[in-house]
Amino acid sequence: MAKLIINNLTKIYGNSPEKALEFMDKGCTNSEIRQETKQVVGVRNVSFSVKEGESFVIMGLSGSGKSTLIRCINLLIKPTRGEILIDNEDVTRISSDRLMHLRRKKMSMIFQKFALLPNRRILDNVAYGLEVQNLSRIQRYEKAREAISLVGLQEWEDAYPHNLSGGMQQRVGIARALANDPDILLMDEPFSALDPLIRQDMQDDLLALQEKLHKTIIFITHDLDEALKIGDNIALMKDGVIVQSGAPEDILLSPASDYVARFVENINWTKALTASSVMVKPRVVIYPKDGPMTALRIMEKHGISSLFVVNRSAHLLGYVTADGAYNAVENGIKQLDGIIQKDMPVSAPDTVLSDLLEVMANTKIPLAVVNEDNELKGVLVRGSVIAGLAGARREAGE
Amino acid sequence: MQVWREPEGKRVSKMNHNLFLNITSYFTDGIPRIPLGRWTDQTIEFLQANCRESTQAISDFLEIVIKGLQEGLISVPPLLAILLVALIAWKLAGRKIAIFSLLGLLFIWNIGLWDVTLQTLAMVLVAVFMCILLGVPLGILIAKNETFYRIIAPVLDFMQTLPAFVYLLPAIPFFGLGVVPAVITTLIFAMPPIIRLTYLGLIQVPEELLELGKSFGSTFFQMLLKIELPLARSTIMAGINQCIMLSLSMVVIAAMIGAKGLGGVVWTAIQTLNMGMGFEAGVAIVILAIILDRITSSLGKS
């Protein structure tokens, strides 16, 4: 079920937005509207929906309207027109008491520059959201400590923000948001102010947390690699409009416009592409009932030196090498069982290529791609990886 | 040469009249004169006739408070008080200031200015307390409301630049002679920095922290008490520090309308051309100023 639905949301900055809306509905561009009415279009007729537990990434360059958009969701910025449905309740039409309730219980924000209060200890920073709900000191500290342990900062609860590194400060920001136990996390470029290495750690930790907590996440970023890593779905914004949205690979492999394509061309493809997008079908496999002689013949026919062994329901059992099969034939062994080797690396379908390159460099046999049930889904050979990378770049318009 | 024209039209050389502006004249060089001075007189007369009772009530109340505080302070044994101040200075501002306070106050006691110094201190404390009571809320008001800011900002300029003597005089018909008009004029003179710096401290709170407060569902007063005022604290403390310094300088001027204290000693010294006495009182004021300044400015830093 959709947790959050945005319908035709528009935000116009200026003192007479009605005029700008009129021009907008006539189809004028943003710069025409600005010339004619002196009003600035921040977000223009944006619609999307986010499912419960989904991570939805909004990405775009600065000035694309992404920060305005996320601030409309908790009404830090009042939208000019349109609907924002959270659990089917239009938050643009609710009373200020109800809005306060939603901000306290249902959604929490995480900020680019952490927004920690310098005069408060970490514990009191994390407890802020509970404090404004007038919880007793004991209750709010208990919940705050829980949230702090989720981000692994137990030893720092009595420290002050300036004692912490940037990455740790943002962990505090995340803990503060989680302490309210909201359904929705609004993350406004949460990792943009961090060093690249720390940023990757934080992304990994966020994914691990999300695995546990299943929050609905709206995540703003200007970094495509980050968007691909975090997002179940991605929306690309430009000039206040969503120019393309969809699953990460759809955006990568079929960019809808030159703008998206330009975005996409600079990315690190080994991080963007997953094993499943470049693997080849495992056309030649062998079954346990077949003997070593059959295995040898198949390998000879296809000019390869190893074969994956699968059972009837395609579960991967191991592999045999040409040497192993040859020795078995020499020694008169009729069954494959004895020569199946199991010490091979495997990959999940959604593992990104950058994590596989080293593994592939160190094995003599192709890399098997298996799903959670250990079914063989495909094979990665060096050629297919290179072809996949080249293909992706070509399609992206290079 | 500029000339002044009497109502009858008689030409009089400026030489004879440059000290006393004739505010009753209707023309300057034949051009109708704007009677600001007469309007002021009339306004004050009107206020005096109609607000006398309420100003009298304020005056009586303040008199009790100030006199009470003065007597209370003086009733503390000087050596005990000096040790206490030195201890407070040590706790808040460090050892150097503690030693300075100890020696400085012993010196004041030694030259026999202890009681008058406490009279001055009591007036400063009452004036500063009232400045904070009125100034901080006003600062919050103008930080939150653009219209109020536009109205109050020029009033603050007026309060700070209008020569103190000009409003020293009208204070007399309202509050009589003595400590009360002195404290009221001190209030007018010393309050602007508190208002301005409270305003400054509040508008300097980073936008992201305001967003934090709002996005976590804070009420207006939660925002103010939990985010804005704590972050503006050191700026507001700087305002209070400035307020104390200005109060101290004004309390001396206010001795002219009978405020006594150290200013009274200086005033007497001027009238009797007693340079030694004037200098001693002057040094006592400086010592008091330094102690108050160091202690309050350390409050802002910690």
# chains A, B, ... in the order shown; residues from 1 in each chain; ligands from 1
$ select_by_dssp --residues "region 196-250 of chain A" --states "strand (DSSP E or B)" --output "list in words"
Thr216, Ile217, Ile218, Phe219, Ile220, Thr221, Asn233, Ile234, Ala235, Leu236, Met237, Lys238, Val241, Ile242, Val243, Gln244, Ser245 and Gly246 of chain A
$ interface_residues --of "chain A" --to "chain B" --cutoff "9 Å" --atoms "only C-alpha atoms" --output "count of residues only"
30
$ closest_residue --among "B:Ala86, B:Cys51, B:Leu92, B:Ile244" --to "Cys131 (chain B)" --atoms "only C-alpha atoms"
B:Ile244
$ atom_distance --atom1 "CA of Ile140 (chain B)" --atom2 "CA of Ile195 (chain B)"
8.0 Å
$ residues_around --residues "Ala122 (chain B)" --least-positions-apart "5" --cutoff "7 Å" --atoms "only C-alpha atoms" --output "list of chain:residue names"
B:Ile66, B:Leu69, B:Gln70
$ select_by_dssp --residues "region 102-155 of chain A" --states "alpha helix (DSSP H)" --output "short mmCIF file (atom, residue, chain, number, x, y, z; two decimals) with N, CA and C atoms, in the first residue's frame"
data_model
loop_
_atom_site.label_atom_id
_atom_site.label_comp_id
_atom_site.auth_asym_id
_atom_site.auth_seq_id
_atom_site.Cartn_x
_atom_site.Cartn_y
_atom_site.Cartn_z
N LEU A 102 1.69 14.86 13.62
CA LEU A 102 2.37 14.09 12.56
C LEU A 102 3.88 14.27 12.62
N ARG A 103 4.30 15.52 12.85
CA ARG A 103 5.75 15.78 12.91
C ARG A 103 6.38 15.08 14.10
N ARG A 104 5.61 14.93 15.17
CA ARG A 104 6.18 14.29 16.36
C ARG A 104 6.19 12.77 16.25
N LYS A 105 5.17 12.21 15.59
CA LYS A 105 5.01 10.76 15.65
C LYS A 105 5.29 10.06 14.32
N ILE A 122 24.92 14.52 23.64
CA ILE A 122 24.37 13.65 22.60
C ILE A 122 23.04 13.06 23.05
N LEU A 123 23.00 12.59 24.30
CA LEU A 123 21.78 11.99 24.81
C LEU A 123 20.61 12.97 24.72
N ASP A 124 20.87 14.23 25.10
CA ASP A 124 19.78 15.22 25.08
C ASP A 124 19.44 15.66 23.67
N ASN A 125 20.43 15.61 22.78
CA ASN A 125 20.12 15.88 21.39
C ASN A 125 19.18 14.81 20.84
N VAL A 126 19.52 13.56 21.11
CA VAL A 126 18.70 12.46 20.59
C VAL A 126 17.31 12.50 21.22
N TYR A 128 15.63 15.05 21.93
CA TYR A 128 14.90 16.30 21.69
C TYR A 128 13.45 16.08 21.26
N GLY A 129 13.27 15.20 20.28
CA GLY A 129 11.93 14.96 19.77
C GLY A 129 10.99 14.42 20.83
N LEU A 130 11.55 13.67 21.79
CA LEU A 130 10.72 13.11 22.87
C LEU A 130 10.44 14.18 23.92
N GLU A 131 11.43 15.07 24.07
CA GLU A 131 11.28 16.14 25.05
C GLU A 131 10.13 17.07 24.66
N ARG A 137 11.57 12.44 31.92
CA ARG A 137 13.00 12.30 31.69
C ARG A 137 13.40 10.82 31.55
N ILE A 138 12.86 9.98 32.44
CA ILE A 138 13.22 8.57 32.42
C ILE A 138 12.80 7.91 31.11
N GLN A 139 11.56 8.18 30.70
CA GLN A 139 11.07 7.59 29.47
C GLN A 139 11.88 8.02 28.27
N ARG A 140 12.16 9.35 28.20
CA ARG A 140 12.82 9.82 26.98
C ARG A 140 14.27 9.37 26.94
N TYR A 141 14.92 9.28 28.09
CA TYR A 141 16.30 8.79 28.08
C TYR A 141 16.35 7.31 27.70
N GLU A 142 15.35 6.56 28.14
CA GLU A 142 15.34 5.15 27.80
C GLU A 142 15.23 4.97 26.29
N LYS A 143 14.28 5.69 25.69
CA LYS A 143 14.11 5.57 24.23
C LYS A 143 15.32 6.12 23.49
N ALA A 144 15.87 7.23 24.00
CA ALA A 144 17.03 7.83 23.33
C ALA A 144 18.21 6.87 23.37
N ARG A 145 18.39 6.18 24.51
CA ARG A 145 19.52 5.23 24.61
C ARG A 145 19.36 4.09 23.62
N GLU A 146 18.10 3.64 23.46
CA GLU A 146 17.84 2.59 22.47
C GLU A 146 18.27 3.04 21.09
N ALA A 147 17.86 4.28 20.74
CA ALA A 147 18.18 4.80 19.41
C ALA A 147 19.69 4.98 19.25
N ILE A 148 20.34 5.42 20.32
CA ILE A 148 21.80 5.62 20.25
C ILE A 148 22.50 4.29 20.02
N SER A 149 21.99 3.23 20.65
CA SER A 149 22.65 1.94 20.47
C SER A 149 22.42 1.39 19.06
N LEU A 150 21.30 1.80 18.44
CA LEU A 150 21.08 1.38 17.04
C LEU A 150 22.18 1.91 16.13
#
$ decode --residues "region 19-82 of chain A" --atoms "C-alpha atoms" --output "short mmCIF file (atom, residue, chain, number, x, y, z; two decimals), in the first residue's frame"
data_model
loop_
_atom_site.label_atom_id
_atom_site.label_comp_id
_atom_site.auth_asym_id
_atom_site.auth_seq_id
_atom_site.Cartn_x
_atom_site.Cartn_y
_atom_site.Cartn_z
CA LYS A 19 -0.43 34.65 -11.39
CA ALA A 20 2.48 32.27 -11.76
CA LEU A 21 0.12 29.27 -11.56
CA GLU A 22 -1.90 30.76 -14.42
CA PHE A 23 1.19 31.06 -16.59
CA MET A 24 2.32 27.61 -15.56
CA ASP A 25 -0.98 26.07 -16.59
CA LYS A 26 -0.65 27.77 -19.96
CA GLY A 27 2.59 25.87 -20.36
CA CYS A 28 5.14 28.64 -19.93
CA THR A 29 8.65 27.64 -18.93
CA ASN A 30 10.03 28.51 -15.51
CA SER A 31 12.19 31.32 -16.87
CA GLU A 32 9.23 32.79 -18.80
CA ILE A 33 7.20 32.72 -15.61
CA ARG A 34 9.97 34.47 -13.75
CA GLN A 35 10.24 37.19 -16.38
CA GLU A 36 6.50 37.74 -16.57
CA THR A 37 5.51 37.50 -12.91
CA LYS A 38 8.72 37.79 -10.86
CA GLN A 39 7.71 34.53 -9.17
CA VAL A 40 10.12 31.62 -8.88
CA VAL A 41 8.94 28.08 -9.50
CA GLY A 42 10.45 25.72 -6.93
CA VAL A 43 8.51 22.55 -7.59
CA ARG A 44 6.31 22.10 -10.61
CA ASN A 45 3.44 19.61 -10.82
CA VAL A 46 5.32 16.77 -9.20
CA SER A 47 3.56 13.47 -8.59
CA PHE A 48 4.89 10.22 -7.21
CA SER A 49 4.03 7.60 -4.68
CA VAL A 50 6.13 5.70 -2.18
CA LYS A 51 5.21 2.31 -0.77
CA GLU A 52 5.49 1.39 2.87
CA GLY A 53 9.05 0.33 3.63
CA GLU A 54 10.40 1.67 0.34
CA SER A 55 13.49 3.80 -0.03
CA PHE A 56 12.65 6.54 -2.51
CA VAL A 57 15.54 8.67 -3.67
CA ILE A 58 15.02 12.11 -5.17
CA MET A 59 18.12 13.26 -6.96
CA GLY A 60 19.07 16.35 -8.85
CA LEU A 61 21.61 19.13 -8.96
CA SER A 62 21.37 22.14 -6.69
CA GLY A 63 18.46 24.34 -7.61
CA SER A 64 16.49 21.45 -9.04
CA GLY A 65 13.83 21.77 -6.34
CA LYS A 66 14.63 18.59 -4.45
CA SER A 67 15.15 20.33 -1.09
CA THR A 68 11.94 22.30 -1.55
CA LEU A 69 10.11 19.10 -2.36
CA ILE A 70 11.22 17.24 0.76
CA ARG A 71 10.37 20.26 2.92
CA CYS A 72 6.87 20.32 1.50
CA ILE A 73 6.27 16.81 2.84
CA ASN A 74 6.49 17.91 6.48
CA LEU A 75 5.24 21.39 5.60
CA LEU A 76 8.40 23.25 6.58
CA ILE A 77 7.55 24.86 3.26
CA LYS A 78 3.89 25.33 2.47
CA PRO A 79 3.12 24.08 -1.02
CA THR A 80 1.22 26.41 -3.33
CA ARG A 81 -0.98 23.72 -4.86
CA GLY A 82 -1.41 19.96 -4.83
#
